[in-house]
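The next block holds one structure in the form of structure tokens; read it before the comments.
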Amino acid sequence: MHTREDGQSILSSKTDAVDQSRDTARAFTLPLVGFTMRNFISDGHMFFTGYVLADDDQDFRMPLAGWDPYKGAEKCPDEDCDFDHEHRIVPEGQWAGPKHNKDLYKATKGMKVEVRITIPWSE
């Protein structure tokens with residue numbers, strides 16, 4: 001989650017892949033307004049609510065079923081890479097997630113979104 005200069009919140013999910021400039025690839029981005037935390041933590045979950053931004057915003061990049069964020073990705077060939085783990089590189093332009101889908105955006109703009117994040121517990 002980050003906030004843009006205009007104050008709008010962007011919920012996104014990162015993958016373990018990067019692009020050629022080493023920007024972290026995203027599985028989706030979702031612009032929201034009114035983003036609030038309902039309960040901090042309950043039974044290992046964090047709950048948030050918000051509303052899909054009603055302006056036609058190119059940051060709305062939600063995947064349809066079957067979308068593969070790693071399509072065309074290759075294992076990083078650089079043996080001297082700064083990353084401390086093996087990772088994939090996605091094709092240029094794919095780091096921002098799926099392309100803006102106007103039809104899906106029109107169907108969901110202004111709708112309430114409930115987000116549940118599971119917190120892994122270790123003993």
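Following the order of the structure tokens, chains are lettered A, B, ..., residues in each are numbered from 1, and ligands are numbered from 1.
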Quiz item: Per DSSP on the backbone, what are the strand (DSSP E) residues of stretch 22-65 of chain A, as a PyMOL selection string?
Solution: chain A and resi 24-42+45-52
Exercise. Could you give me, as number ranges by chain, the residues within 12 Å of A:Ser12, counting only C-alpha atoms and dropping anything in the same chain fewer than 6 positions from it?
Key: A: 1-3, 24-32, 59-63, 95-98, 115
Deliver the residues from the most recent selection as a file, using N, CA and C atoms, as a PDB file, in the first residue's frame.
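Contents of part_18.pdb, freshly written:
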ATOM      1  N   MET A   1       0.845  -1.166   0.000  1.00  0.00           N
ATOM      2  CA  MET A   1       0.000   0.000   0.000  1.00  0.00           C
ATOM      3  C   MET A   1       0.892   1.231   0.000  1.00  0.00           C
ATOM      4  N   HIS A   2       0.606   2.165  -0.877  1.00  0.00           N
ATOM      5  CA  HIS A   2       1.286   3.457  -0.829  1.00  0.00           C
ATOM      6  C   HIS A   2       0.296   4.549  -1.201  1.00  0.00           C
ATOM      7  N   THR A   3       0.636   5.774  -0.868  1.00  0.00           N
ATOM      8  CA  THR A   3      -0.232   6.910  -1.155  1.00  0.00           C
ATOM      9  C   THR A   3       0.440   7.793  -2.194  1.00  0.00           C
ATOM     10  N   THR A  24      10.568  -3.917  -8.941  1.00  0.00           N
ATOM     11  CA  THR A  24       9.803  -5.087  -8.519  1.00  0.00           C
ATOM     12  C   THR A  24       8.526  -5.202  -9.346  1.00  0.00           C
ATOM     13  N   ALA A  25       8.288  -6.379  -9.877  1.00  0.00           N
ATOM     14  CA  ALA A  25       7.082  -6.612 -10.667  1.00  0.00           C
ATOM     15  C   ALA A  25       5.870  -6.732  -9.746  1.00  0.00           C
ATOM     16  N   ARG A  26       4.715  -6.349 -10.236  1.00  0.00           N
ATOM     17  CA  ARG A  26       3.485  -6.387  -9.451  1.00  0.00           C
ATOM     18  C   ARG A  26       2.481  -7.350 -10.072  1.00  0.00           C
ATOM     19  N   ALA A  27       1.707  -8.010  -9.205  1.00  0.00           N
ATOM     20  CA  ALA A  27       0.651  -8.901  -9.665  1.00  0.00           C
ATOM     21  C   ALA A  27      -0.614  -8.114  -9.968  1.00  0.00           C
ATOM     22  N   PHE A  28      -0.838  -7.010  -9.234  1.00  0.00           N
ATOM     23  CA  PHE A  28      -1.974  -6.125  -9.501  1.00  0.00           C
ATOM     24  C   PHE A  28      -1.736  -4.787  -8.820  1.00  0.00           C
ATOM     25  N   THR A  29      -2.458  -3.763  -9.270  1.00  0.00           N
ATOM     26  CA  THR A  29      -2.534  -2.482  -8.565  1.00  0.00           C
ATOM     27  C   THR A  29      -3.994  -2.062  -8.560  1.00  0.00           C
ATOM     28  N   LEU A  30      -4.453  -1.528  -7.440  1.00  0.00           N
ATOM     29  CA  LEU A  30      -5.854  -1.169  -7.265  1.00  0.00           C
ATOM     30  C   LEU A  30      -5.947   0.181  -6.557  1.00  0.00           C
ATOM     31  N   PRO A  31      -6.364   1.250  -7.284  1.00  0.00           N
ATOM     32  CA  PRO A  31      -6.502   2.561  -6.647  1.00  0.00           C
ATOM     33  C   PRO A  31      -7.761   2.600  -5.781  1.00  0.00           C
ATOM     34  N   LEU A  32      -7.615   3.051  -4.535  1.00  0.00           N
ATOM     35  CA  LEU A  32      -8.724   3.070  -3.582  1.00  0.00           C
ATOM     36  C   LEU A  32      -8.871   4.435  -2.932  1.00  0.00           C
ATOM     37  N   ASP A  59      -4.050   3.387 -13.130  1.00  0.00           N
ATOM     38  CA  ASP A  59      -3.446   2.547 -12.094  1.00  0.00           C
ATOM     39  C   ASP A  59      -4.292   1.322 -11.780  1.00  0.00           C
ATOM     40  N   PHE A  60      -5.530   1.259 -12.297  1.00  0.00           N
ATOM     41  CA  PHE A  60      -6.385   0.093 -12.064  1.00  0.00           C
ATOM     42  C   PHE A  60      -5.878  -1.032 -12.965  1.00  0.00           C
ATOM     43  N   ARG A  61      -5.186  -1.989 -12.376  1.00  0.00           N
ATOM     44  CA  ARG A  61      -4.596  -3.106 -13.129  1.00  0.00           C
ATOM     45  C   ARG A  61      -4.878  -4.397 -12.383  1.00  0.00           C
ATOM     46  N   MET A  62      -6.088  -4.883 -12.545  1.00  0.00           N
ATOM     47  CA  MET A  62      -6.508  -6.119 -11.877  1.00  0.00           C
ATOM     48  C   MET A  62      -6.514  -7.260 -12.884  1.00  0.00           C
ATOM     49  N   PRO A  63      -5.954  -8.399 -12.501  1.00  0.00           N
ATOM     50  CA  PRO A  63      -5.900  -9.527 -13.443  1.00  0.00           C
ATOM     51  C   PRO A  63      -7.233 -10.255 -13.536  1.00  0.00           C
ATOM     52  N   TRP A  95       6.178  -5.103 -15.646  1.00  0.00           N
ATOM     53  CA  TRP A  95       6.384  -4.983 -14.205  1.00  0.00           C
ATOM     54  C   TRP A  95       5.186  -4.380 -13.481  1.00  0.00           C
ATOM     55  N   ALA A  96       4.360  -3.588 -14.172  1.00  0.00           N
ATOM     56  CA  ALA A  96       3.255  -2.879 -13.514  1.00  0.00           C
ATOM     57  C   ALA A  96       2.011  -3.742 -13.352  1.00  0.00           C
ATOM     58  N   GLY A  97       2.073  -4.985 -13.746  1.00  0.00           N
ATOM     59  CA  GLY A  97       0.906  -5.859 -13.633  1.00  0.00           C
ATOM     60  C   GLY A  97       0.151  -5.939 -14.939  1.00  0.00           C
ATOM     61  N   PRO A  98      -1.049  -6.509 -14.902  1.00  0.00           N
ATOM     62  CA  PRO A  98      -1.819  -6.642 -16.147  1.00  0.00           C
ATOM     63  C   PRO A  98      -2.200  -5.272 -16.691  1.00  0.00           C
ATOM     64  N   VAL A 115     -10.516  -6.177   2.153  1.00  0.00           N
ATOM     65  CA  VAL A 115      -9.222  -6.852   2.011  1.00  0.00           C
ATOM     66  C   VAL A 115      -8.905  -7.556   3.324  1.00  0.00           C
TER      67      VAL A 115
END
Exercise. Give the answer as one residue: which of A:Pro69, A:Gly93, A:Gly110, A:Pro120 has the shortest atom-to-atom distance to A:Lys14, using only C-alpha atoms?
Key: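 The answer is A:Pro69, which sits nearest to A:Lys14.
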Quiz item: Using only C-alpha atoms, which of the listed residues (A:Val52, A:Lys75, A:His45, A:Ile119) sits closest to A:Ala107?
Solution: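 Closest residue, counting only C-alpha atoms: A:Val52.
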Self-check item: Nearest to A:Asp103, chosen from A:Ser21, A:Leu64, A:Cys81, A:Ser42, with only C-alpha atoms counted in the distances
Solution: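 Ranked by minimum distance to A:Asp103, first place goes to A:Leu64.
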Exercise. Select, from A:Asp68, A:Asp6, A:Asp43, A:Asp78, the residue with the minimum atom-to-atom distance to A:Arg116, counting only C-alpha atoms.
Key: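 Nearest candidate to A:Arg116 out of A:Asp68, A:Asp6, A:Asp43, A:Asp78: A:Asp43.
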Practice problem: Within 9 Å of A:Glu114, counting only C-alpha atoms, which residues show up once you throw out same-chain ones fewer than 6 positions away? Write them as a list in words, please. | Solution: Phe47, Phe48, Thr49, Gly50 and Tyr51 of chain A
Practice problem: Find the residue from A:Arg4, A:Val113, A:Phe35, A:Gln94 that sits nearest to A:Trp67; use only C-alpha atoms when measuring. | Solution: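 When distances to A:Trp67 are compared using only C-alpha atoms, the smallest one comes from A:Gln94.
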Practice problem: Please indicate the distance in Å from atom CA of A:Ile117 to atom CA of A:His85, rounded to one decimal place. | Solution: 24.7 Å
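Note that the spacing between atom CA of A:Glu5 and atom CA of A:Met37 amounts to 20.9 Å.
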Shell of 12 Å around A:Pro77, only C-alpha atoms, local chain residues under 5 positions omitted, as a tab-separated table (two decimals) with C-alpha atoms, in the first residue's frame:
chain	number	residue	atom	x	y	z
A	20	GLN	CA	15.34	-5.10	-16.65
A	83	PHE	CA	19.78	-9.63	-5.21
A	86	GLU	CA	17.45	-16.33	-7.29
A	87	HIS	CA	14.79	-14.35	-9.15
A	88	ARG	CA	13.11	-13.94	-12.50
A	89	ILE	CA	13.10	-10.99	-14.88
Self-check item: Per-residue DSSP, chain A, filtered to helix (DSSP H, G or I), as a ChimeraX atom specification
Solution: /A:102-108
Quiz item: Separation of atom CA of A:Met46 and atom CA of A:Trp121, in Å?
Solution: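 For atom CA of A:Met46 relative to atom CA of A:Trp121, the distance reads 12.7 Å.
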